[in-house]
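S.K.: The structure file target09.txt (compact mmCIF, C-alpha atoms) is provided below.
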# COMPACT_ATOMS: atom_id res chain seq x y z
CA MET A 1 127.73 103.79 113.69
CA ARG A 2 128.83 107.39 113.97
CA PRO A 3 126.74 110.56 113.65
CA PHE A 4 126.66 112.20 110.24
CA CYS A 5 127.43 115.93 110.15
CA ASP A 6 126.78 118.28 107.23
CA GLY A 7 128.90 121.24 106.24
CA ASP A 8 127.68 123.25 109.22
CA HIS A 9 128.69 120.41 111.57
CA ALA A 10 125.04 119.78 112.56
CA ILE A 11 124.45 116.20 113.62
CA ARG A 12 121.89 114.40 111.47
CA GLN A 13 120.01 111.22 112.34
CA ILE A 14 117.17 109.16 110.89
CA ALA A 15 113.97 107.80 112.46
CA ALA A 16 111.15 105.48 111.46
CA LEU A 17 107.51 106.34 112.08
CA PRO A 18 106.03 102.82 112.41
CA TYR A 19 102.29 102.82 111.73
CA ARG A 20 99.41 100.46 111.01
CA THR A 21 95.61 100.43 110.82
CA ALA A 22 93.34 97.94 112.52
CA ARG A 23 91.13 97.26 109.49
CA ASP A 24 90.45 98.16 105.86
CA ASP A 25 88.37 101.28 106.39
CA VAL A 26 89.02 104.90 105.46
CA ASN A 27 87.94 105.83 108.98
CA ALA A 28 90.04 103.18 110.71
CA PRO A 29 92.32 104.95 113.20
CA VAL A 30 96.05 104.92 112.58
CA THR A 31 98.21 103.74 115.44
CA ILE A 32 101.86 104.64 115.96
CA LEU A 33 104.49 102.45 117.63
CA LEU A 34 106.74 104.23 120.12
CA VAL A 35 109.64 102.84 122.13
CA THR A 36 111.24 104.02 125.34
CA SER A 37 114.71 105.50 125.32
CA ARG A 38 117.34 103.44 127.12
CA GLU A 39 118.41 106.03 129.68
CA THR A 40 115.52 108.39 130.41
CA ARG A 41 112.73 105.90 129.53
CA ARG A 42 110.79 108.57 127.66
CA TRP A 43 108.72 107.69 124.59
CA VAL A 44 110.52 108.19 121.27
CA LEU A 45 110.53 106.96 117.69
CA PRO A 46 113.02 104.25 116.73
CA LYS A 47 115.96 106.35 115.57
CA GLY A 48 119.72 106.38 115.22
CA ASN A 49 122.68 107.52 113.21
CA MET A 50 123.20 106.96 109.52
CA ILE A 51 124.65 103.56 108.65
CA GLU A 52 127.45 103.42 106.14
CA GLY A 53 126.34 101.75 102.93
CA LEU A 54 122.61 102.19 103.59
CA GLN A 55 120.20 104.78 102.24
CA PRO A 56 118.59 106.92 104.98
CA HIS A 57 115.21 105.14 104.80
CA ALA A 58 116.94 101.74 104.89
CA ALA A 59 118.83 102.84 108.01
CA ALA A 60 115.51 103.91 109.54
CA ALA A 61 114.07 100.45 108.78
CA HIS A 62 117.11 98.89 110.46
CA GLU A 63 116.50 100.96 113.59
CA ALA A 64 112.81 99.99 113.60
CA GLU A 65 113.69 96.31 113.58
CA GLU A 66 116.52 96.63 116.09
CA GLU A 67 114.78 98.92 118.60
CA ALA A 68 111.08 98.12 118.13
CA GLY A 69 111.08 94.63 116.64
CA VAL A 70 108.99 95.46 113.56
CA LYS A 71 109.49 94.88 109.84
CA GLY A 72 107.75 96.60 106.97
CA ALA A 73 108.07 99.06 104.09
CA ALA A 74 110.06 102.24 104.72
CA CYS A 75 109.11 105.01 102.32
CA PRO A 76 112.29 106.57 100.83
CA THR A 77 110.70 110.04 100.85
CA PRO A 78 110.94 111.58 104.34
CA LEU A 79 107.82 112.85 106.00
CA GLY A 80 109.72 115.76 107.48
CA SER A 81 112.26 116.41 110.22
CA TYR A 82 112.52 117.58 113.80
CA ARG A 83 115.29 118.78 116.10
CA TYR A 84 116.39 117.98 119.61
CA ARG A 85 119.49 118.53 121.74
CA LYS A 86 121.69 115.56 122.44
CA LYS A 87 124.08 115.49 125.38
CA ARG A 88 127.55 114.27 124.43
CA LYS A 89 129.90 112.45 126.77
CA ASN A 90 132.01 115.61 127.05
CA GLY A 91 129.00 117.53 128.41
CA ALA A 92 128.16 119.44 125.21
CA MET A 93 124.46 119.73 124.26
CA LEU A 94 124.34 119.75 120.46
CA ASN A 95 121.47 120.16 118.03
CA VAL A 96 120.48 117.00 116.18
CA THR A 97 118.24 117.08 113.09
CA VAL A 98 116.25 113.88 112.61
CA GLU A 99 114.67 112.93 109.27
CA VAL A 100 111.49 110.89 109.75
CA PHE A 101 110.46 108.16 107.29
CA PRO A 102 106.95 106.62 107.18
CA PHE A 103 107.22 102.92 107.96
CA SER A 104 104.24 100.67 107.18
CA VAL A 105 104.48 97.76 109.62
CA THR A 106 103.82 94.29 108.18
CA ASP A 107 105.41 92.06 110.83
CA VAL A 108 105.70 92.43 114.61
CA LEU A 109 108.48 90.22 115.97
CA ASP A 110 108.17 88.34 119.24
CA GLU A 111 111.91 88.66 119.86
CA TRP A 112 114.26 91.41 118.79
CA GLU A 113 117.69 92.79 119.56
CA GLU A 114 116.82 95.49 122.11
CA GLN A 115 113.76 93.92 123.74
CA ASP A 116 115.45 93.86 127.14
CA GLN A 117 116.48 97.53 126.86
CA ARG A 118 113.25 99.17 125.71
CA ASP A 119 109.49 98.96 126.01
CA ARG A 120 107.26 99.30 122.94
CA GLN A 121 103.61 100.23 122.71
CA TRP A 122 101.03 101.24 120.09
CA PHE A 123 99.33 104.62 120.55
CA SER A 124 96.75 106.67 118.72
CA LEU A 125 98.08 109.64 116.76
CA GLU A 126 96.96 112.09 119.41
CA GLU A 127 98.38 110.00 122.27
CA ALA A 128 101.73 109.61 120.49
CA ALA A 129 101.85 113.33 119.72
CA GLN A 130 101.33 114.14 123.39
CA LEU A 131 103.86 111.62 124.66
CA VAL A 132 106.90 112.71 122.64
CA ASP A 133 108.89 115.65 124.00
CA GLU A 134 109.86 117.42 120.77
CA PRO A 135 107.23 119.95 119.55
CA GLU A 136 108.22 119.54 115.90
CA LEU A 137 107.90 115.76 116.14
CA SER A 138 104.56 116.13 117.89
CA GLU A 139 103.28 118.22 114.99
CA LEU A 140 104.66 115.75 112.43
CA ILE A 141 102.73 112.94 114.11
CA ARG A 142 99.52 114.97 114.26
CA ARG A 143 99.82 115.88 110.57
CA PHE A 144 100.57 112.31 109.54
CA ARG A 145 96.82 111.90 109.05
CA ALA A 146 93.87 114.23 109.50
CA SER A 147 92.66 114.38 113.08
CA GLU A 148 89.44 112.67 114.07
CA SER A 149 87.74 116.06 114.31
CA ASP A 150 88.85 116.95 110.77
CA ARG A 151 87.59 113.58 109.57
CA ARG A 152 84.18 114.13 111.18
CA ILE A 153 83.92 117.47 109.41
CA ALA A 154 84.90 115.85 106.12
CA LYS A 155 82.19 113.20 106.53
CA SER A 156 79.46 115.53 107.77
CA GLY A 157 78.25 116.69 104.36
CA PHE A 158 77.71 120.27 103.22
CA VAL A 159 78.72 123.11 105.53
CA LEU A 160 78.48 126.67 104.26
CA ASP A 161 81.42 128.96 105.05
CA THR A 162 80.55 132.36 103.56
CA GLN A 163 83.33 134.17 105.43
CA LYS A 164 86.01 132.36 103.42
CA ALA A 165 84.11 131.91 100.15
CA SER A 166 83.81 134.51 97.43
CA PRO A 167 80.27 135.85 96.74
CA LYS A 168 80.09 133.73 93.60
CA MET A 169 81.21 130.61 95.49
CA ALA A 170 78.79 131.38 98.33
CA VAL A 171 75.86 131.41 95.89
CA PHE A 172 77.10 128.16 94.36
CA GLN A 173 77.29 126.58 97.82
CA TRP A 174 73.75 127.76 98.69
CA VAL A 175 72.47 126.14 95.51
CA GLN A 176 74.34 122.92 96.31
CA ALA A 177 72.85 122.90 99.80
CA LEU A 178 69.30 123.25 98.55
CA LEU A 179 69.42 120.79 95.68
CA PRO A 180 68.83 117.10 96.40
CA LYS A 181 71.91 114.92 96.70
CA GLN A 182 72.07 111.89 94.45
CA GLY A 183 74.64 109.20 93.83
CA ASN A 184 77.08 107.58 96.18
CA PHE A 185 80.26 108.84 94.54
CA PHE A 186 82.13 109.58 97.76
CA GLU A 187 81.51 106.10 99.13
CA LEU A 188 82.69 104.59 95.85
CA PHE A 189 85.84 106.75 95.76
CA GLU A 190 86.69 105.71 99.31
CA ALA A 191 86.01 102.04 98.60
CA HIS A 192 88.34 102.18 95.60
CA ALA A 193 91.01 103.88 97.70
CA LEU A 194 90.93 100.90 100.04
CA THR A 195 91.68 98.53 97.16
CA LEU A 196 94.73 100.71 96.44
CA LEU A 197 95.87 100.51 100.05
CA SER A 198 95.37 96.75 100.31
CA GLY A 199 96.94 96.19 96.90
CA SER A 200 99.98 98.32 97.73
CA ASN A 201 100.57 96.38 100.94
CA ALA A 202 100.30 93.09 99.05
CA LEU A 203 102.75 94.40 96.46
CA ALA A 204 105.28 95.39 99.12
CA ARG A 205 105.00 91.96 100.74
CA LEU A 206 105.34 90.29 97.33
CA LEU A 207 108.61 92.09 96.61
CA ASN A 208 110.02 90.82 99.89
CA GLY A 209 109.92 87.31 98.39
CA GLY A 210 109.54 84.28 100.61
CA SER A 211 107.06 81.43 100.78
CA GLY A 212 103.89 83.54 100.63
CA MET A 213 104.42 85.04 97.19
CA ARG A 214 101.62 83.05 95.55
CA ASP A 215 99.11 84.39 98.09
CA HIS A 216 100.22 87.98 97.56
CA ILE A 217 99.85 87.60 93.78
CA GLN A 218 96.37 86.19 94.25
CA GLU A 219 95.39 89.04 96.56
CA LEU A 220 96.51 91.60 93.98
CA VAL A 221 94.40 89.87 91.33
CA GLU A 222 91.38 89.93 93.65
CA ARG A 223 91.92 93.56 94.63
CA GLU A 224 92.13 94.57 90.98
CA HIS A 225 88.83 92.80 90.27
CA GLU A 226 87.21 94.59 93.22
CA ALA A 227 88.50 97.91 91.90
CA ASP A 228 87.09 97.18 88.43
CA GLN A 229 83.66 96.54 89.91
CA ILE A 230 83.78 99.83 91.81
CA THR A 231 84.91 101.69 88.70
CA ARG A 232 82.01 100.25 86.67
CA GLU A 233 79.60 101.30 89.40
CA VAL A 234 80.98 104.86 89.32
CA LEU A 235 80.55 105.07 85.54
CA GLN A 236 77.00 103.68 85.74
CA THR A 237 76.13 106.09 88.55
CA VAL A 238 77.44 109.03 86.50
CA ARG A 239 75.10 108.07 83.66
CA ARG A 240 72.00 107.66 85.79
CA THR A 241 72.50 110.57 88.22
CA PHE A 242 70.99 113.95 87.40
CA LEU A 243 72.97 115.94 89.97
CA THR A 244 76.60 115.07 90.68
CA PRO A 245 78.85 116.64 93.35
CA PHE A 246 81.51 117.50 90.76
CA ASP A 247 81.69 117.80 87.00
CA ARG A 248 81.05 114.41 85.38
CA SER A 249 84.35 114.43 83.51
CA ALA A 250 86.21 115.15 86.76
CA ILE A 251 84.53 112.18 88.43
CA THR A 252 85.38 109.78 85.61
CA SER A 253 88.95 111.10 85.33
CA LEU A 254 89.60 110.64 89.05
CA ILE A 255 88.27 107.08 89.22
CA ALA A 256 90.15 106.21 86.00
CA ALA A 257 93.46 107.41 87.46
CA MET A 258 92.86 105.36 90.60
CA ASP A 259 91.91 102.30 88.58
CA ASP A 260 95.03 102.65 86.42
CA ALA A 261 97.15 102.51 89.59
CA ILE A 262 95.71 99.18 90.78
CA ASP A 263 95.91 97.85 87.20
CA GLU A 264 99.65 98.49 87.13
CA MET A 265 100.08 96.84 90.52
CA GLN A 266 98.34 93.75 89.16
CA LYS A 267 100.50 93.84 86.01
CA THR A 268 103.59 93.91 88.21
CA ALA A 269 102.35 90.82 90.02
CA GLY A 270 101.52 89.21 86.69
CA ALA A 271 105.04 89.77 85.39
CA ILE A 272 106.53 88.31 88.57
CA ASP A 273 104.29 85.28 88.18
CA LEU A 274 105.05 84.89 84.46
CA TYR A 275 108.81 85.10 84.82
CA GLU A 276 108.84 83.18 88.11
CA LEU A 277 110.96 85.79 89.88
CA THR A 278 111.74 85.29 93.56
CA GLU A 279 114.40 87.93 94.27
CA PHE A 280 114.10 91.66 93.74
CA LYS A 281 116.39 94.67 93.64
CA GLN A 282 116.36 97.06 96.59
CA GLU A 283 115.28 99.88 94.26
CA MET A 284 112.15 97.86 93.42
CA LYS A 285 111.37 97.46 97.12
CA ASP A 286 111.93 101.18 97.63
CA MET A 287 109.48 102.04 94.86
CA ALA A 288 106.96 99.64 96.41
CA ALA A 289 107.36 101.46 99.74
CA ILE A 290 106.64 104.76 97.97
CA ILE A 291 103.53 103.17 96.49
CA VAL A 292 102.37 102.14 99.98
CA ASP A 293 102.68 105.72 101.19
CA CYS A 294 100.94 107.04 98.06
CA ALA A 295 98.02 104.74 98.82
CA ARG A 296 97.97 105.84 102.47
CA ILE A 297 97.74 109.47 101.40
CA THR A 298 95.00 108.71 98.88
CA VAL A 299 92.95 106.98 101.58
CA GLU A 300 93.17 110.12 103.68
CA ALA A 301 92.49 112.51 100.81
CA LEU A 302 89.36 110.96 99.33
CA PRO A 303 87.02 111.50 102.35
CA LEU A 304 88.15 115.14 102.48
CA LEU A 305 86.51 115.70 99.09
CA ARG A 306 83.15 115.52 100.85
CA GLN A 307 83.91 119.03 102.11
CA VAL A 308 86.44 120.20 99.54
CA ASN A 309 86.18 123.91 100.35
CA ARG A 310 86.85 123.45 104.06
CA ASN A 311 89.61 120.89 103.47
CA ALA A 312 91.39 122.62 100.60
CA GLY A 313 94.54 123.34 102.59
CA ARG A 314 94.99 119.77 103.81
CA LEU A 315 94.24 118.38 100.34
CA HIS A 316 96.97 120.59 98.90
CA GLU A 317 99.46 119.26 101.48
CA LEU A 318 98.62 115.68 100.57
CA THR A 319 98.74 116.13 96.81
CA GLU A 320 102.03 118.02 97.12
CA ARG A 321 103.55 115.01 98.88
CA LEU A 322 102.27 112.70 96.15
CA VAL A 323 104.01 114.84 93.52
CA ILE A 324 107.24 114.94 95.54
CA MET A 325 107.21 111.15 95.92
CA GLU A 326 106.66 110.70 92.19
CA GLY A 327 109.81 112.71 91.52
CA HIS A 328 111.73 110.66 94.09
CA ALA A 329 110.46 107.44 92.50
CA ASP A 330 111.77 108.63 89.13
CA GLU A 331 115.22 109.06 90.66
CA ILE A 332 115.13 105.59 92.21
CA HIS A 333 113.89 104.12 88.93
CA ALA A 334 116.76 105.69 86.97
CA ARG A 335 119.32 104.55 89.54
CA GLY A 336 117.90 101.04 89.56
CA LEU A 337 117.93 100.73 85.77
CA LYS A 338 121.53 101.89 85.60
CA ALA A 339 122.61 99.35 88.21
CA LEU A 340 120.57 96.67 86.45
CA TYR A 341 122.22 97.39 83.11
CA LYS A 342 125.68 97.26 84.61
CA GLU A 343 124.87 93.92 86.21
CA HIS A 344 122.96 92.18 83.40
CA GLY A 345 122.99 94.40 80.29
CA GLU A 346 125.71 92.53 78.46
CA ALA A 347 126.12 89.35 80.48
CA ASN A 348 122.40 88.44 80.67
CA PRO A 349 120.25 90.64 78.41
CA LEU A 350 117.12 88.53 78.97
CA ARG A 351 117.34 89.11 82.72
CA PHE A 352 117.80 92.82 82.06
CA ILE A 353 114.67 92.94 79.89
CA VAL A 354 112.58 91.05 82.45
CA GLU A 355 113.58 93.18 85.41
CA ARG A 356 113.30 96.37 83.37
CA GLU A 357 109.64 95.46 82.79
CA LEU A 358 109.10 95.29 86.54
CA PHE A 359 110.71 98.69 87.00
CA THR A 360 108.44 100.07 84.27
CA HIS A 361 105.27 98.80 85.95
CA LEU A 362 106.34 100.17 89.34
CA GLU A 363 107.12 103.56 87.83
CA ARG A 364 103.72 103.62 86.14
CA VAL A 365 101.97 102.90 89.45
CA VAL A 366 103.56 105.98 91.01
CA ASP A 367 102.81 108.02 87.88
CA ARG A 368 99.14 107.11 88.22
CA PHE A 369 99.14 108.32 91.81
CA GLU A 370 100.50 111.63 90.54
CA ASP A 371 97.54 111.66 88.13
CA VAL A 372 95.27 111.15 91.14
CA ALA A 373 96.95 114.12 92.82
CA ASN A 374 96.41 116.28 89.73
CA GLU A 375 92.73 115.31 89.55
CA ILE A 376 92.23 116.17 93.23
CA ASP A 377 94.03 119.50 92.75
CA GLY A 378 91.69 120.23 89.85
CA LEU A 379 88.68 119.65 92.09
CA VAL A 380 90.14 121.93 94.75
CA ILE A 381 90.72 124.68 92.17
CA ASP A 382 87.22 124.37 90.77
CA HIS A 383 85.31 124.05 94.05
CA ALA A 384 87.38 125.78 96.74
The structure in this file should be written as structure tokens.
M.R.:
Amino acid sequence: MRPFCDGDHAIRQIAALPYRTARDDVNAPVTILLVTSRETRRWVLPKGNMIEGLQPHAAAAHEAEEEAGVKGAACPTPLGSYRYRKKRKNGAMLNVTVEVFPFSVTDVLDEWEEQDQRDRQWFSLEEAAQLVDEPELSELIRRFRASESDRRIAKSGFVLDTQKASPKMAVFQWVQALLPKQGNFFELFEAHALTLLSGSNALARLLNGGSGMRDHIQELVEREHEADQITREVLQTVRRTFLTPFDRSAITSLIAAMDDAIDEMQKTAGAIDLYELTEFKQEMKDMAAIIVDCARITVEALPLLRQVNRNAGRLHELTERLVIMEGHADEIHARGLKALYKEHGEANPLRFIVERELFTHLERVVDRFEDVANEIDGLVIDHA
């Protein structure tokens, strides 16, 4: 592998940000896997140079497996980038820009290529942010998910902030504070978000093929049923609740968009089961990785609605990433369909039709997450 340089001769590399959560819970802490560098033994992300023939996120996944011994879903949309200076053999210290890709870990290997050259360890977000040397990377890690203090604020209920609110909004907030709270909408939103996260992980594992496909299909069916039950509870609660935290139509639109996303995941699994598919195009896997990251962001965003005025800035950051990923998924979808047509369009039209259906379902999942982003943005506009 050799470093990639752009027109300005800046060296560019890629890195994976391997993460996982201990349990299905919106408040479950995220942990980050770091490895030690070979020479200085400092804590770093698995990273390296671009690999010829691989997309940047695929190269990041390769580095994660080679350096840290983990497999998973690498989101094709980068989280951001950071810079550091790399010392060359000739003594030069050159700037390197590293693109960072979220990497949802599904498998931790007992043996891997560089296990004798590096140590690996899981850290909390704050610990990982403090251990890495690069300030920009430290900030990327901290912003990967809201801090525990932000999350406590989001869960604490109503807090009046008249210094930032307009006089009209301040009056509205005083009224909200004094009126009795009814309904458990926030808990239901967050419970539904967890079905999206669990379903997206099952979908990513399903598209990796292998002997466990039947179990992953079954899990998606079960998650979709759980989501339907939550959606029905939201609609019933809307009807029987006098005072709701948001406009009733906004509540039903948000839960409907979320439910549409898990429905399309289940339809994808249903098509795979119906057509007995066992191998999948890389573009399909890439779209599934985007779906995993969309679900991760949704899980973070929903609790922040408990204090929408205070969390408006962070909510905007999260919804903006959802919209960006939807656009990236469209590009991957178009590229995948073109390659699929060239491969099967004339030689095997039935295969083309079947796999095109899978692409369609995957695209619709990401589209529904964009709908979720739009609904959240609407709430921020109305209430912040």
S.K.: Hey, what's within 6 Å of region 27-42 of chain A if we count only C-alpha atoms and toss same-chain stuff fewer than 4 positions away? As a list in words, please?
M.R.: Pro18, Tyr19, Arg20, Thr21, Gln117, Arg118, Asp119, Arg120, Gln121, Trp122, Phe123 and Ser124 of chain A
S.K.: Of the candidates A:Val70, A:Val323, A:Ala271, A:Ala58, which one gets nearest to Arg356 (chain A) if we count only C-alpha atoms?
M.R.: A:Ala271
S.K.: Can you sort out the box for region 263-273 of chain A, edges along x, y and z, all listed atoms in, 6 Å on every side, with centre and edge lengths in Å to one decimal, as lines of an AutoDock Vina configuration file?
M.R.:
center_x = 101.2
center_y = 91.9
center_z = 88.0
size_x = 22.6
size_y = 25.2
size_z = 17.1
S.K.: What is the CA of Leu197 (chain A)-CA of Val44 (chain A) distance in Å, reported with one decimal?
M.R.: 26.9 Å
S.K.: Tell me which protein, DNA and RNA residues are within 10 Å of His361 (chain A), counting only C-alpha atoms, leaving out same-chain ones fewer than 4 positions away, and put them as number ranges by chain.
M.R.: A: 261, 263-269, 271, 356-357, 365-367
S.K.: Rounded to one decimal place, report the CA of Gly183 (chain A)-CA of Val380 (chain A) distance in Å.
M.R.: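 About the pair CA of Gly183 (chain A) and CA of Val380 (chain A): they are 20.1 Å apart.
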S.K.: For a test of reading the model, state the distance in Å between CA of Ala373 (chain A) and CA of Leu304 (chain A), rounded to one decimal.
M.R.: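 Distance between the two atoms: 13.1 Å.
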S.K.: Pick out the closest residue to Ala73 (chain A) from this set: A:Ala384, A:Met50, A:Leu140, A:Val105. Count only C-alpha atoms.
M.R.: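 Smallest separation from Ala73 (chain A) among the options: A:Val105.
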S.K.: Using all atoms listed in the file, which residue out of A:Asp133, A:Asp260, A:Glu355, A:Asp25 lies closest to Glu276 (chain A)?
M.R.: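 Smallest separation from Glu276 (chain A) among the options: A:Glu355.
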S.K.: Find the spatial neighbours of Arg368 (chain A), counting all atoms listed in the file, within a cut-off of 12 Å - ignore same-chain residues fewer than 2 positions away - and output them as number ranges by chain.
M.R.: A: 196, 253-265, 291, 294-295, 298, 322-323, 325-326, 361-366, 370-375
S.K.: Can you work out which one of A:Ile217, A:Ala15, A:Val108, A:Leu79 has the shortest atom-to-atom distance to Asp293 (chain A), counting only C-alpha atoms?
M.R.: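 Ranking A:Ile217, A:Ala15, A:Val108, A:Leu79 by distance to Asp293 (chain A), first place goes to A:Leu79.
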S.K.: Within 9 Å of Tyr82 (chain A), counting only C-alpha atoms, which residues show up once you throw out same-chain ones fewer than 3 positions away? Write them as a list in words, please.
M.R.: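 Listed by chain and then number, they are Val96, Thr97, Val98, Glu99, Val100, Glu134, Pro135, Glu136, Leu137 and Leu140 of chain A.
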S.K.: For region 40-56 of chain A, which lacks atoms in the input, supply N, CA and C atoms and format the output as a JSON list (two decimals), in the frame of the given file.
M.R.:
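Resulting contents of out-v1.json:
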[["chain", "number", "residue", "atom", "x", "y", "z"],
["A", 40, "THR", "N", 116.55, 107.60, 129.73],
["A", 40, "THR", "CA", 115.52, 108.39, 130.41],
["A", 40, "THR", "C", 114.16, 107.71, 130.41],
["A", 41, "ARG", "N", 113.98, 106.66, 129.61],
["A", 41, "ARG", "CA", 112.73, 105.90, 129.53],
["A", 41, "ARG", "C", 111.57, 106.74, 129.01],
["A", 42, "ARG", "N", 111.87, 107.79, 128.26],
["A", 42, "ARG", "CA", 110.79, 108.57, 127.66],
["A", 42, "ARG", "C", 110.40, 107.95, 126.32],
["A", 43, "TRP", "N", 109.21, 108.27, 125.84],
["A", 43, "TRP", "CA", 108.72, 107.69, 124.59],
["A", 43, "TRP", "C", 109.31, 108.42, 123.39],
["A", 44, "VAL", "N", 109.86, 107.64, 122.46],
["A", 44, "VAL", "CA", 110.52, 108.19, 121.27],
["A", 44, "VAL", "C", 110.21, 107.30, 120.07],
["A", 45, "LEU", "N", 110.55, 107.79, 118.89],
["A", 45, "LEU", "CA", 110.53, 106.96, 117.69],
["A", 45, "LEU", "C", 111.80, 106.13, 117.64],
["A", 46, "PRO", "N", 111.77, 104.97, 116.99],
["A", 46, "PRO", "CA", 113.02, 104.25, 116.73],
["A", 46, "PRO", "C", 113.92, 105.12, 115.86],
["A", 47, "LYS", "N", 115.10, 105.45, 116.32],
["A", 47, "LYS", "CA", 115.96, 106.35, 115.57],
["A", 47, "LYS", "C", 117.43, 106.02, 115.85],
["A", 48, "GLY", "N", 118.29, 106.59, 115.04],
["A", 48, "GLY", "CA", 119.72, 106.38, 115.22],
["A", 48, "GLY", "C", 120.51, 107.14, 114.18],
["A", 49, "ASN", "N", 121.79, 106.85, 114.15],
["A", 49, "ASN", "CA", 122.68, 107.52, 113.21],
["A", 49, "ASN", "C", 122.62, 106.83, 111.85],
["A", 50, "MET", "N", 123.08, 107.56, 110.85],
["A", 50, "MET", "CA", 123.20, 106.96, 109.52],
["A", 50, "MET", "C", 124.12, 105.75, 109.58],
["A", 51, "ILE", "N", 123.85, 104.78, 108.72],
["A", 51, "ILE", "CA", 124.65, 103.56, 108.65],
["A", 51, "ILE", "C", 125.37, 103.54, 107.31],
["A", 52, "GLU", "N", 126.66, 103.40, 107.37],
["A", 52, "GLU", "CA", 127.45, 103.42, 106.14],
["A", 52, "GLU", "C", 126.99, 102.32, 105.19],
["A", 53, "GLY", "N", 126.76, 102.70, 103.94],
["A", 53, "GLY", "CA", 126.34, 101.75, 102.93],
["A", 53, "GLY", "C", 124.84, 101.60, 102.79],
["A", 54, "LEU", "N", 124.05, 102.27, 103.67],
["A", 54, "LEU", "CA", 122.61, 102.19, 103.59],
["A", 54, "LEU", "C", 122.02, 103.56, 103.26],
["A", 55, "GLN", "N", 120.96, 103.56, 102.46],
["A", 55, "GLN", "CA", 120.20, 104.78, 102.24],
["A", 55, "GLN", "C", 119.51, 105.19, 103.54],
["A", 56, "PRO", "N", 119.19, 106.47, 103.71],
["A", 56, "PRO", "CA", 118.59, 106.92, 104.98],
["A", 56, "PRO", "C", 117.35, 106.13, 105.38]]
